[in-house]
$ cat final-v9.csv   # CSV, C-alpha atoms
chain,number,residue,atom,x,y,z
A,1,MET,CA,18.1,-21.5,-0.8
A,2,GLN,CA,20.7,-21.2,2.0
A,3,PRO,CA,19.1,-21.4,5.5
A,4,THR,CA,19.6,-18.5,7.9
A,5,ILE,CA,19.8,-18.5,11.7
A,6,ILE,CA,19.3,-15.1,13.4
A,7,ARG,CA,20.6,-15.3,17.0
A,8,ASN,CA,20.1,-13.0,20.1
A,9,ALA,CA,17.1,-11.4,18.5
A,10,ARG,CA,14.7,-9.3,20.5
A,11,ILE,CA,11.5,-9.9,18.6
A,12,LEU,CA,8.9,-7.1,18.1
A,13,ASP,CA,5.5,-8.8,18.8
A,14,THR,CA,3.1,-6.9,16.6
A,15,ARG,CA,0.1,-8.3,18.4
A,16,ALA,CA,1.2,-7.6,22.0
A,17,LEU,CA,3.1,-4.5,20.8
A,18,ALA,CA,6.1,-5.4,23.0
A,19,LEU,CA,9.6,-6.9,22.7
A,20,THR,CA,10.2,-10.5,23.6
A,21,SER,CA,13.5,-11.7,25.2
A,22,ALA,CA,16.4,-12.8,23.0
A,23,HIS,CA,15.7,-15.8,20.7
A,24,ALA,CA,17.2,-17.7,17.9
A,25,VAL,CA,15.2,-17.8,14.6
A,26,LEU,CA,15.6,-20.4,11.9
A,27,ILE,CA,14.7,-19.4,8.4
A,28,GLN,CA,14.5,-22.0,5.7
A,29,ASP,CA,12.8,-22.3,2.3
A,30,GLY,CA,11.4,-18.8,2.7
A,31,ILE,CA,9.6,-19.6,6.0
A,32,ILE,CA,10.3,-18.9,9.6
A,33,GLN,CA,10.7,-22.6,10.6
A,34,LYS,CA,11.5,-22.3,14.3
A,35,ILE,CA,11.7,-19.7,17.0
A,36,GLY,CA,13.4,-21.0,20.2
A,37,ALA,CA,16.4,-21.3,22.3
A,38,GLN,CA,19.9,-20.5,21.2
A,39,ASP,CA,20.8,-24.1,20.6
A,40,ILE,CA,19.1,-24.2,17.2
A,41,ARG,CA,21.5,-25.5,14.6
A,42,ARG,CA,21.4,-26.1,10.9
A,43,GLU,CA,24.3,-27.2,8.7
A,44,GLY,CA,25.4,-24.7,6.2
A,45,ALA,CA,23.2,-21.9,7.6
A,46,LEU,CA,24.1,-18.2,7.4
A,47,GLU,CA,24.5,-17.0,11.0
A,48,ILE,CA,23.5,-13.5,11.9
A,49,ASP,CA,24.1,-12.0,15.4
A,50,ALA,CA,21.3,-9.7,16.2
A,51,ARG,CA,22.5,-8.6,19.6
A,52,GLY,CA,21.3,-5.2,20.5
A,53,MET,CA,18.9,-5.2,17.5
A,54,THR,CA,15.2,-5.7,17.1
A,55,LEU,CA,13.8,-8.3,14.7
A,56,MET,CA,10.5,-7.3,13.2
A,57,PRO,CA,8.3,-8.1,10.2
A,58,GLY,CA,8.9,-6.3,7.0
A,59,LEU,CA,6.8,-3.2,6.5
A,60,ILE,CA,3.7,-3.3,4.3
A,61,ASP,CA,2.4,-0.3,2.3
A,62,CYS,CA,-1.3,-0.9,1.3
A,63,HIS,CA,-1.5,2.0,-1.2
A,64,VAL,CA,1.2,2.5,-3.8
A,65,HIS,CA,1.4,3.2,-7.5
A,66,VAL,CA,4.8,1.8,-8.7
A,67,MET,CA,4.0,2.9,-12.2
A,68,ALA,CA,3.5,6.6,-11.1
A,69,SER,CA,6.9,7.8,-12.1
A,70,SER,CA,5.7,11.4,-12.5
A,71,PHE,CA,3.2,13.7,-10.8
A,72,ASN,CA,1.5,14.2,-14.1
A,73,LEU,CA,-0.3,10.9,-14.4
A,74,GLY,CA,-1.7,11.9,-17.7
A,75,ALA,CA,1.8,12.2,-19.1
A,76,VAL,CA,2.9,8.8,-17.7
A,77,ALA,CA,-0.2,7.3,-19.3
A,78,LYS,CA,1.0,8.3,-22.7
A,79,LEU,CA,4.5,6.8,-22.4
A,80,PRO,CA,5.6,3.8,-24.4
A,81,ASN,CA,5.0,0.7,-22.3
A,82,ALA,CA,8.7,-0.3,-22.2
A,83,LEU,CA,9.7,3.2,-21.0
A,84,ALA,CA,6.9,3.3,-18.4
A,85,LEU,CA,8.0,-0.1,-17.0
A,86,LEU,CA,11.7,0.8,-16.9
A,87,ARG,CA,10.9,4.0,-14.9
A,88,ALA,CA,9.0,1.9,-12.3
A,89,LEU,CA,12.0,-0.4,-11.5
A,90,PRO,CA,14.0,2.0,-9.4
A,91,ILE,CA,10.8,3.0,-7.5
A,92,MET,CA,10.3,-0.7,-6.6
A,93,LYS,CA,13.9,-1.2,-5.5
A,94,GLY,CA,13.7,1.9,-3.4
A,95,MET,CA,10.6,0.5,-1.5
A,96,LEU,CA,12.4,-2.7,-0.7
A,97,ASP,CA,15.6,-0.8,0.4
A,98,ARG,CA,13.4,1.2,2.9
A,99,GLY,CA,12.1,-2.1,4.4
A,100,PHE,CA,8.8,-2.4,2.7
A,101,THR,CA,8.8,-6.0,1.8
A,102,ALA,CA,5.2,-6.1,0.5
A,103,VAL,CA,2.9,-3.5,-1.1
A,104,ARG,CA,-0.6,-3.3,-2.5
A,105,ASP,CA,-0.6,-1.5,-5.8
A,106,ALA,CA,-3.7,0.6,-6.1
A,107,GLY,CA,-3.7,0.9,-9.9
A,108,GLY,CA,-1.2,0.4,-12.7
A,109,ALA,CA,1.0,-2.6,-11.8
A,110,ASP,CA,-0.2,-6.0,-13.0
A,111,TRP,CA,0.3,-9.7,-12.5
A,112,ALA,CA,3.3,-9.8,-14.9
A,113,LEU,CA,5.2,-7.4,-12.7
A,114,ALA,CA,4.3,-9.2,-9.5
A,115,GLU,CA,5.4,-12.4,-11.1
A,116,ALA,CA,8.7,-10.9,-12.1
A,117,VAL,CA,9.3,-10.0,-8.5
A,118,ARG,CA,8.2,-13.4,-7.3
A,119,THR,CA,10.6,-15.2,-9.6
A,120,GLY,CA,13.6,-12.9,-9.0
A,121,GLN,CA,13.6,-11.2,-12.4
A,122,VAL,CA,13.0,-7.8,-10.8
A,123,THR,CA,14.0,-6.4,-7.4
A,124,GLY,CA,11.1,-5.1,-5.4
A,125,PRO,CA,8.5,-5.8,-2.7
A,126,ARG,CA,5.9,-8.5,-3.0
A,127,LEU,CA,3.2,-6.9,-5.2
A,128,PHE,CA,-0.5,-7.3,-4.6
A,129,CYS,CA,-1.8,-5.6,-7.8
A,130,ALA,CA,-5.2,-4.2,-8.6
A,131,GLY,CA,-4.4,-4.0,-12.3
A,132,LYS,CA,-6.2,-1.1,-13.8
A,133,ALA,CA,-8.4,0.8,-11.4
A,134,LEU,CA,-12.0,1.4,-12.6
A,135,SER,CA,-13.1,5.0,-13.3
A,136,GLN,CA,-16.2,6.3,-14.9
A,137,THR,CA,-15.9,8.8,-17.8
A,138,GLY,CA,-14.6,12.0,-16.3
A,139,GLY,CA,-13.8,10.4,-13.0
A,140,HIS,CA,-10.5,10.0,-11.1
A,141,GLY,CA,-8.7,7.9,-13.6
A,142,ASP,CA,-9.8,9.7,-16.8
A,143,PHE,CA,-6.9,11.9,-17.7
A,144,ARG,CA,-8.2,13.1,-21.0
A,145,ALA,CA,-8.2,16.9,-21.3
A,146,ARG,CA,-11.4,18.8,-21.9
A,147,ASN,CA,-12.0,19.3,-25.6
A,148,ASP,CA,-14.7,19.7,-28.2
A,149,THR,CA,-14.7,16.0,-28.8
A,150,LEU,CA,-13.3,13.2,-26.7
A,151,ASP,CA,-11.2,10.5,-28.3
A,152,PRO,CA,-11.8,7.0,-27.0
A,153,CYS,CA,-9.6,6.4,-24.0
A,154,SER,CA,-6.6,4.2,-24.8
A,155,CYS,CA,-6.0,3.7,-21.1
A,156,ILE,CA,-6.7,-0.1,-21.1
A,157,HIS,CA,-3.7,-0.7,-23.3
A,158,LYS,CA,-1.1,1.6,-21.7
A,159,ILE,CA,0.9,0.2,-18.8
A,160,GLY,CA,1.6,3.7,-17.5
A,161,ASN,CA,-2.1,4.4,-16.9
A,162,ILE,CA,-3.3,3.6,-13.4
A,163,ALA,CA,-6.9,3.2,-14.5
A,164,ARG,CA,-9.3,2.3,-17.3
A,165,VAL,CA,-12.5,4.1,-18.2
A,166,VAL,CA,-15.6,2.0,-18.0
A,167,ASP,CA,-19.3,2.9,-17.8
A,168,GLY,CA,-22.5,1.0,-17.2
A,169,VAL,CA,-23.4,-2.0,-15.1
A,170,ASP,CA,-22.7,-4.6,-17.8
A,171,ALA,CA,-19.4,-3.0,-18.8
A,172,CYS,CA,-18.3,-2.8,-15.2
A,173,ARG,CA,-19.0,-6.5,-14.8
A,174,ILE,CA,-16.9,-7.3,-17.8
A,175,ALA,CA,-14.1,-5.0,-16.6
A,176,VAL,CA,-13.9,-6.7,-13.3
A,177,ARG,CA,-13.8,-10.1,-14.9
A,178,GLU,CA,-11.1,-9.0,-17.3
A,179,GLU,CA,-8.9,-7.6,-14.5
A,180,ILE,CA,-9.4,-10.8,-12.5
A,181,LEU,CA,-8.5,-12.9,-15.6
A,182,LYS,CA,-5.3,-10.8,-16.0
A,183,GLY,CA,-4.3,-11.6,-12.5
A,184,ALA,CA,-5.6,-8.8,-10.2
A,185,ALA,CA,-5.4,-9.6,-6.5
A,186,GLN,CA,-8.1,-7.1,-5.7
A,187,ILE,CA,-10.3,-4.6,-7.6
A,188,LYS,CA,-9.9,-0.8,-7.3
A,189,VAL,CA,-12.7,1.6,-8.0
A,190,MET,CA,-12.8,5.4,-8.1
A,191,ALA,CA,-15.8,6.1,-5.9
A,192,SER,CA,-15.2,9.9,-5.7
A,193,GLY,CA,-13.3,12.7,-7.3
A,194,GLY,CA,-9.6,13.1,-6.6
A,195,VAL,CA,-6.6,15.4,-6.5
A,196,ALA,CA,-4.3,14.1,-9.3
A,197,SER,CA,-6.9,14.0,-12.1
A,198,PRO,CA,-7.9,17.3,-13.8
A,199,ASN,CA,-11.7,17.3,-14.2
A,200,ASP,CA,-13.3,15.7,-11.2
A,201,PRO,CA,-13.9,17.8,-8.0
A,202,ILE,CA,-13.3,15.9,-4.8
A,203,ASN,CA,-16.9,16.3,-3.8
A,204,ASN,CA,-18.1,14.4,-6.9
A,205,LEU,CA,-19.3,10.9,-6.6
A,206,GLY,CA,-17.9,8.1,-8.8
A,207,TYR,CA,-20.2,5.5,-10.3
A,208,SER,CA,-23.9,4.9,-9.6
A,209,GLU,CA,-24.9,2.6,-6.8
A,210,ALA,CA,-25.9,0.0,-9.4
A,211,GLU,CA,-22.5,0.0,-10.9
A,212,LEU,CA,-20.7,-0.2,-7.5
A,213,LEU,CA,-22.9,-3.1,-6.5
A,214,ALA,CA,-22.1,-4.9,-9.7
A,215,ILE,CA,-18.3,-4.4,-9.2
A,216,VAL,CA,-18.5,-5.6,-5.6
A,217,GLU,CA,-20.5,-8.7,-6.6
A,218,GLU,CA,-18.1,-9.7,-9.4
A,219,ALA,CA,-15.1,-9.3,-7.1
A,220,ARG,CA,-16.8,-11.4,-4.4
A,221,ASN,CA,-17.6,-14.0,-7.0
A,222,ALA,CA,-13.9,-14.3,-7.7
A,223,ASN,CA,-13.2,-14.6,-3.9
A,224,THR,CA,-11.6,-11.2,-3.7
A,225,TYR,CA,-12.7,-7.7,-2.7
A,226,VAL,CA,-13.0,-4.0,-3.7
A,227,MET,CA,-10.8,-1.1,-2.5
A,228,ALA,CA,-12.5,2.3,-3.1
A,229,HIS,CA,-10.9,5.7,-3.5
A,230,ALA,CA,-13.2,8.0,-1.6
A,231,TYR,CA,-12.8,11.3,0.3
A,232,THR,CA,-16.1,12.6,1.6
A,233,PRO,CA,-18.6,11.2,4.1
A,234,GLN,CA,-21.2,10.8,1.3
A,235,ALA,CA,-18.8,8.9,-1.0
A,236,ILE,CA,-17.5,6.7,1.8
A,237,THR,CA,-21.0,5.9,3.0
A,238,ARG,CA,-22.2,4.9,-0.5
A,239,ALA,CA,-19.1,2.7,-1.0
A,240,VAL,CA,-19.5,1.0,2.3
A,241,GLN,CA,-23.2,0.4,1.8
A,242,CYS,CA,-22.4,-1.2,-1.6
A,243,GLY,CA,-20.0,-3.6,0.0
A,244,VAL,CA,-16.5,-2.4,-0.5
A,245,ARG,CA,-13.9,-3.8,1.9
A,246,THR,CA,-11.4,-0.9,2.2
A,247,ILE,CA,-11.7,2.8,1.8
A,248,GLU,CA,-8.6,4.6,0.5
A,249,HIS,CA,-7.7,8.2,1.7
A,250,GLY,CA,-10.9,9.2,3.5
A,251,ASN,CA,-9.5,12.5,4.7
A,252,LEU,CA,-12.9,14.1,5.1
A,253,VAL,CA,-14.5,11.2,7.1
A,254,ASP,CA,-16.7,12.2,10.0
A,255,GLU,CA,-17.7,10.3,13.1
A,256,PRO,CA,-21.1,8.9,11.9
A,257,THR,CA,-19.3,7.6,8.7
A,258,ALA,CA,-16.5,6.1,10.8
A,259,ARG,CA,-19.1,4.3,13.0
A,260,LEU,CA,-20.7,2.9,9.9
A,261,MET,CA,-17.3,1.6,8.8
A,262,LYS,CA,-16.7,0.0,12.2
A,263,GLU,CA,-20.1,-1.6,12.1
A,264,LYS,CA,-19.5,-3.1,8.7
A,265,GLY,CA,-15.9,-4.2,9.4
A,266,VAL,CA,-14.5,-1.9,6.7
A,267,TYR,CA,-10.8,-0.9,6.8
A,268,MET,CA,-9.5,2.6,6.2
A,269,VAL,CA,-6.2,3.1,4.4
A,270,PRO,CA,-5.2,6.8,5.0
A,271,THR,CA,-2.4,8.2,2.8
A,272,LEU,CA,-1.3,11.4,4.6
A,273,ILE,CA,2.2,11.8,3.3
A,274,THR,CA,1.2,12.1,-0.3
A,275,TYR,CA,-0.4,15.5,0.3
A,276,GLU,CA,2.8,16.8,1.8
A,277,GLY,CA,4.7,15.7,-1.3
A,278,LEU,CA,2.0,17.1,-3.6
A,279,ALA,CA,1.9,20.4,-1.9
A,280,ASN,CA,5.7,20.9,-1.6
A,281,ASP,CA,7.0,19.4,-4.8
A,282,GLY,CA,4.0,18.9,-7.1
A,283,PRO,CA,4.0,22.3,-9.0
A,284,ARG,CA,7.7,22.1,-9.9
A,285,TYR,CA,7.5,18.5,-11.1
A,286,GLY,CA,4.5,19.0,-13.4
A,287,LEU,CA,1.4,18.5,-11.3
A,288,PRO,CA,-1.4,20.2,-13.2
A,289,ASP,CA,-2.7,23.5,-11.8
A,290,GLU,CA,-6.2,22.1,-11.3
A,291,SER,CA,-4.7,19.4,-9.0
A,292,VAL,CA,-2.6,21.9,-7.1
A,293,ARG,CA,-5.7,23.8,-6.2
A,294,LYS,CA,-7.4,20.7,-4.8
A,295,ILE,CA,-4.6,19.8,-2.3
A,296,ALA,CA,-5.4,22.2,0.5
A,297,LYS,CA,-9.0,20.9,0.7
A,298,VAL,CA,-7.8,17.5,1.9
A,299,ARG,CA,-4.3,18.1,3.3
A,300,THR,CA,-5.3,19.8,6.5
A,301,ASN,CA,-8.0,17.2,7.4
A,302,GLY,CA,-5.7,14.1,7.4
A,303,LEU,CA,-4.6,14.1,11.1
A,304,GLU,CA,-8.1,14.9,12.3
A,305,ALA,CA,-9.4,11.9,10.3
A,306,LEU,CA,-6.9,9.7,12.1
A,307,ARG,CA,-8.2,10.9,15.5
A,308,VAL,CA,-11.8,10.2,14.5
A,309,LEU,CA,-11.1,6.8,13.1
A,310,ASP,CA,-9.0,5.8,16.1
A,311,ALA,CA,-11.6,7.0,18.6
A,312,VAL,CA,-14.3,4.9,16.9
A,313,GLY,CA,-12.0,1.9,16.5
A,314,VAL,CA,-11.9,1.6,12.7
A,315,LYS,CA,-8.9,-0.6,11.7
A,316,MET,CA,-6.4,1.3,9.6
A,317,GLY,CA,-3.9,-0.1,7.1
A,318,TYR,CA,-0.7,1.8,6.1
A,319,GLY,CA,-0.7,3.7,2.8
A,320,THR,CA,1.3,6.4,1.2
A,321,ASP,CA,0.0,7.0,-2.4
A,322,LEU,CA,3.2,8.8,-3.4
A,323,LEU,CA,3.8,10.0,-7.0
A,324,GLY,CA,6.7,11.0,-9.1
A,325,GLU,CA,9.8,12.3,-7.4
A,326,THR,CA,8.3,11.9,-3.8
A,327,HIS,CA,8.4,8.1,-3.5
A,328,TYR,CA,11.4,8.6,-1.2
A,329,MET,CA,9.0,10.0,1.4
A,330,GLN,CA,7.4,6.5,2.0
A,331,SER,CA,8.7,6.0,5.5
A,332,GLN,CA,7.7,9.5,6.6
A,333,GLU,CA,4.0,8.4,6.8
A,334,LEU,CA,5.1,6.6,9.9
A,335,LEU,CA,6.2,9.8,11.5
A,336,LEU,CA,3.0,11.7,10.6
A,337,ARG,CA,0.8,9.0,12.0
A,338,ALA,CA,2.8,8.6,15.2
A,339,GLN,CA,2.0,12.3,16.0
A,340,VAL,CA,-1.6,11.2,16.6
A,341,LEU,CA,-1.5,7.5,17.3
A,342,GLY,CA,1.9,6.9,18.8
A,343,ALA,CA,4.7,4.5,17.6
A,344,ALA,CA,3.1,1.2,18.7
A,345,LYS,CA,-0.2,1.6,16.9
A,346,THR,CA,1.5,3.0,13.8
A,347,ILE,CA,3.9,0.1,13.6
A,348,GLN,CA,0.9,-2.3,14.0
A,349,GLN,CA,-0.9,-0.6,11.2
A,350,ALA,CA,2.2,-1.0,8.9
A,351,THR,CA,2.6,-4.7,9.8
A,352,LEU,CA,-0.2,-6.8,11.3
A,353,ILE,CA,-3.3,-4.8,10.2
A,354,SER,CA,-1.9,-4.3,6.7
A,355,ALA,CA,-1.4,-8.0,6.5
A,356,GLU,CA,-5.1,-8.4,7.3
A,357,VAL,CA,-5.9,-6.0,4.6
A,358,LEU,CA,-4.0,-8.2,2.2
A,359,ASN,CA,-5.8,-11.3,3.5
A,360,HIS,CA,-2.4,-12.6,4.5
A,361,GLU,CA,-2.7,-12.6,8.3
A,362,GLY,CA,-0.4,-15.3,9.7
A,363,LEU,CA,1.9,-15.1,6.7
A,364,LEU,CA,2.9,-11.5,6.7
A,365,GLY,CA,3.0,-8.8,9.4
A,366,GLU,CA,4.4,-10.7,12.3
A,367,VAL,CA,7.4,-12.8,13.3
A,368,ALA,CA,5.9,-16.2,13.9
A,369,GLU,CA,6.6,-19.8,13.1
A,370,GLN,CA,5.3,-20.7,9.6
A,371,ALA,CA,5.1,-17.1,8.6
A,372,TRP,CA,6.9,-15.9,5.5
A,373,ALA,CA,10.4,-14.7,6.2
A,374,ASP,CA,9.9,-11.0,5.3
A,375,LEU,CA,12.0,-9.5,8.1
A,376,LEU,CA,13.9,-6.5,9.2
A,377,LEU,CA,16.7,-6.1,11.8
A,378,VAL,CA,16.6,-2.6,13.3
A,379,ASP,CA,19.4,-1.1,15.4
A,380,GLY,CA,17.4,-0.1,18.4
A,381,ASN,CA,13.8,-0.3,19.5
A,382,PRO,CA,11.2,1.2,17.1
A,383,LEU,CA,8.6,1.2,19.8
A,384,ASP,CA,10.7,3.8,21.6
A,385,ASP,CA,11.9,5.6,18.5
A,386,ILE,CA,9.8,5.1,15.4
A,387,GLY,CA,12.2,7.4,13.6
A,388,LEU,CA,14.6,4.5,13.3
A,389,LEU,CA,12.3,3.1,10.5
A,390,ALA,CA,12.6,6.4,8.6
A,391,ARG,CA,16.4,6.3,8.9
A,392,HIS,CA,16.5,3.1,6.9
A,393,GLU,CA,20.0,3.6,5.5
A,394,SER,CA,21.6,3.7,8.9
A,395,ALA,CA,19.1,2.0,11.3
A,396,ILE,CA,17.7,-0.9,9.3
A,397,LYS,CA,20.6,-3.3,9.2
A,398,LEU,CA,19.0,-6.2,7.5
A,399,VAL,CA,16.2,-6.5,4.9
A,400,MET,CA,15.1,-10.1,4.1
A,401,GLN,CA,12.3,-11.0,1.8
A,402,GLY,CA,11.1,-14.6,1.5
A,403,GLY,CA,14.2,-15.8,3.2
A,404,GLN,CA,16.5,-14.1,0.8
A,405,VAL,CA,18.8,-11.4,2.2
A,406,HIS,CA,18.3,-8.2,0.2
A,407,ARG,CA,20.5,-6.0,2.3
A,408,ASN,CA,22.8,-6.9,5.2
A,409,SER,CA,25.0,-4.5,7.1
A,410,CYS,CA,25.0,-6.3,10.5
A,411,GLY,CA,28.8,-6.6,10.4
$ encode --input "final-v9.csv" --output "structure tokens"
Amino acid sequence: MQPTIIRNARILDTRALALTSAHAVLIQDGIIQKIGAQDIRREGALEIDARGMTLMPGLIDCHVHVMASSFNLGAVAKLPNALALLRALPIMKGMLDRGFTAVRDAGGADWALAEAVRTGQVTGPRLFCAGKALSQTGGHGDFRARNDTLDPCSCIHKIGNIARVVDGVDACRIAVREEILKGAAQIKVMASGGVASPNDPINNLGYSEAELLAIVEEARNANTYVMAHAYTPQAITRAVQCGVRTIEHGNLVDEPTARLMKEKGVYMVPTLITYEGLANDGPRYGLPDESVRKIAKVRTNGLEALRVLDAVGVKMGYGTDLLGETHYMQSQELLLRAQVLGAAKTIQQATLISAEVLNHEGLLGEVAEQAWADLLLVDGNPLDDIGLLARHESAIKLVMQGGQVHRNSCG
């Protein structure tokens, strides 16, 4: 791999939330080898002049579904595997084009797809995959329509399905072990009802406490953790008490529940932008009527949830949870959060804190020696104008992943 030297770079320090003075940065073998004075030299290196630009770590999205190529998740779940996979490839490339160099897939993508990215067979962000999310019968992940009889769910075999249906403590243990064996980086559980699935109201709870405890125990035995889909204070509290590490969505969180999360060191991963996409585009792109009716219940609470969580001090990762034709809105989550939190905190959530969520602190989420060279060059200062990161085609001049230049328009 050709080494790279980036010169005259003002570095965005995601810990101090400030810009450093101009430096030279040597990148070799996918790693930031040295940050120092301008006299750094390396024979055969690609030289990039970053004068007037900001060097920052690649963005991290901790809640995506790269297999969700349609709003109608039940329809995607029935696609032939090859077609479902091919529809995911432009979604992944789009994420990397927007500067998201790493993502955590919350159900659907698997180890094989992550490995294809790692080995350069497929263009996309680093994938930290949950494999199939776990859903109880009738939960957020069971896309079977109501009927007189229920056929066995084929969800475990279809790559387009984001979840698998599993019930009972012993079956949950086996399911976690299977997903770990297949290469899951973390385990996803549906701990409440949701929007995109037809038959589970948001106020419903997912799984018994005994099942949740078993899922968490098996994940911990494999040295990983559980991420839990949950909206209401009751669902969030149960999940936290059962030992999950991250709560996904959480739009209806209240202050007592946020304080419990803070006490237990649990992360929240809000996903505000998806509700804008669902509300504006869902009906015309096939979102079922039952799901359309659920959107308003959670959409209006998202910004208030940010205020509550921030006031209490709960750490928040960056997530989007976009479906179908709205994946292009991924960067707009930055703008929504900045309305409440400001640019600096929002950028920190999309970099440093999200790296913590991935258990990759020190490797991702910051520009530091020995960190992975997942980097962006931005024309301007995102701390002053976070909108630069949403104007990726014009303002993000360089996207580098693992030391490889994905896109370079520095001139």
$ closest_residue --input "final-v9.csv" --among "A:Ile32, A:Leu306, A:Ala68, A:Leu83" --to "Asp321 of chain A" --atoms "only C-alpha atoms"
A:Ala68
$ residues_around --input "final-v9.csv" --residues "segment 237-247 of chain A" --least-positions-apart "3" --cutoff "7 Å" --atoms "all atoms listed in the file" --output "ChimeraX atom specification"
/A:191,209,212-213,216,225-230,233-234,250,257,261,266-269
$ residues_around --input "final-v9.csv" --residues "Glu255 of chain A" --least-positions-apart "3" --cutoff "7 Å" --atoms "all atoms listed in the file" --output "VMD selection string"
chain A and resid 258 to 259 308
$ residues_around --input "final-v9.csv" --residues "Ala45 of chain A" --least-positions-apart "4" --cutoff "7 Å" --atoms "all atoms listed in the file" --output "PyMOL selection string"
chain A and resi 2-5
$ closest_residue --input "final-v9.csv" --among "A:Glu211, A:Glu369, A:Glu217, A:Glu325" --to "Ile35 of chain A" --atoms "all atoms listed in the file"
A:Glu369
$ atom_distance --input "final-v9.csv" --atom1 "atom CA of Gln339 of chain A" --atom2 "atom CA of Ser354 of chain A"
19.4 Å
$ closest_residue --input "final-v9.csv" --among "A:Ala184, A:Leu334, A:Ile386, A:Ala214" --to "Arg104 of chain A" --atoms "only C-alpha atoms"
A:Ala184
$ residues_around --input "final-v9.csv" --residues "Ser21 of chain A" --least-positions-apart "2" --cutoff "10 Å" --atoms "all atoms listed in the file" --output "MDAnalysis selection string"
chainID A and resid 8:12 18:19 23
$ residues_around --input "final-v9.csv" --residues "His157 of chain A" --least-positions-apart "6" --cutoff "10 Å" --atoms "all atoms listed in the file" --output "PDB file with C-alpha atoms, in the frame of the given file"
ATOM      1  CA  ALA A  77      -0.200   7.300 -19.300  1.00  0.00           C
ATOM      2  CA  ASN A  81       5.000   0.700 -22.300  1.00  0.00           C
ATOM      3  CA  LYS A 132      -6.200  -1.100 -13.800  1.00  0.00           C
ATOM      4  CA  ARG A 164      -9.300   2.300 -17.300  1.00  0.00           C
TER       5      ARG A 164
END
$ atom_distance --input "final-v9.csv" --atom1 "atom CA of Pro125 of chain A" --atom2 "atom CA of Asp310 of chain A"
28.2 Å
$ decode --input "final-v9.csv" --residues "segment 365-398 of chain A" --atoms "C-alpha atoms" --output "PDB file, in the first residue's frame"
ATOM      1  CA  GLY A 365     -12.974   8.255  16.075  1.00  0.00           C
ATOM      2  CA  GLU A 366      -9.862  10.401  16.422  1.00  0.00           C
ATOM      3  CA  VAL A 367      -6.751  11.508  14.544  1.00  0.00           C
ATOM      4  CA  ALA A 368      -3.973  10.040  16.666  1.00  0.00           C
ATOM      5  CA  GLU A 369      -0.783   8.100  16.170  1.00  0.00           C
ATOM      6  CA  GLN A 370      -1.417   4.356  15.825  1.00  0.00           C
ATOM      7  CA  ALA A 371      -5.099   4.923  15.081  1.00  0.00           C
ATOM      8  CA  TRP A 372      -6.552   3.471  11.902  1.00  0.00           C
ATOM      9  CA  ALA A 373      -6.285   5.871   8.970  1.00  0.00           C
ATOM     10  CA  ASP A 374     -10.017   6.432   8.450  1.00  0.00           C
ATOM     11  CA  LEU A 375      -9.887  10.131   7.648  1.00  0.00           C
ATOM     12  CA  LEU A 376     -11.702  13.039   6.040  1.00  0.00           C
ATOM     13  CA  LEU A 377     -10.404  16.339   4.695  1.00  0.00           C
ATOM     14  CA  VAL A 378     -13.073  19.019   4.949  1.00  0.00           C
ATOM     15  CA  ASP A 379     -12.932  22.363   3.159  1.00  0.00           C
ATOM     16  CA  GLY A 380     -13.543  24.600   6.173  1.00  0.00           C
ATOM     17  CA  ASN A 381     -14.129  24.116   9.885  1.00  0.00           C
ATOM     18  CA  PRO A 382     -17.022  21.783  10.805  1.00  0.00           C
ATOM     19  CA  LEU A 383     -16.975  23.104  14.364  1.00  0.00           C
ATOM     20  CA  ASP A 384     -18.123  26.434  12.956  1.00  0.00           C
ATOM     21  CA  ASP A 385     -20.377  24.992  10.238  1.00  0.00           C
ATOM     22  CA  ILE A 386     -21.483  21.411  10.736  1.00  0.00           C
ATOM     23  CA  GLY A 387     -23.404  21.715   7.480  1.00  0.00           C
ATOM     24  CA  LEU A 388     -20.101  21.128   5.684  1.00  0.00           C
ATOM     25  CA  LEU A 389     -20.406  17.453   6.601  1.00  0.00           C
ATOM     26  CA  ALA A 390     -23.858  17.293   5.044  1.00  0.00           C
ATOM     27  CA  ARG A 391     -22.558  18.864   1.817  1.00  0.00           C
ATOM     28  CA  HIS A 392     -20.242  15.952   1.263  1.00  0.00           C
ATOM     29  CA  GLU A 393     -20.018  16.231  -2.518  1.00  0.00           C
ATOM     30  CA  SER A 394     -18.558  19.730  -2.353  1.00  0.00           C
ATOM     31  CA  ALA A 395     -17.075  20.149   1.129  1.00  0.00           C
ATOM     32  CA  ILE A 396     -15.544  16.742   1.895  1.00  0.00           C
ATOM     33  CA  LYS A 397     -12.483  16.732  -0.336  1.00  0.00           C
ATOM     34  CA  LEU A 398     -10.888  13.481   0.772  1.00  0.00           C
TER      35      LEU A 398
END
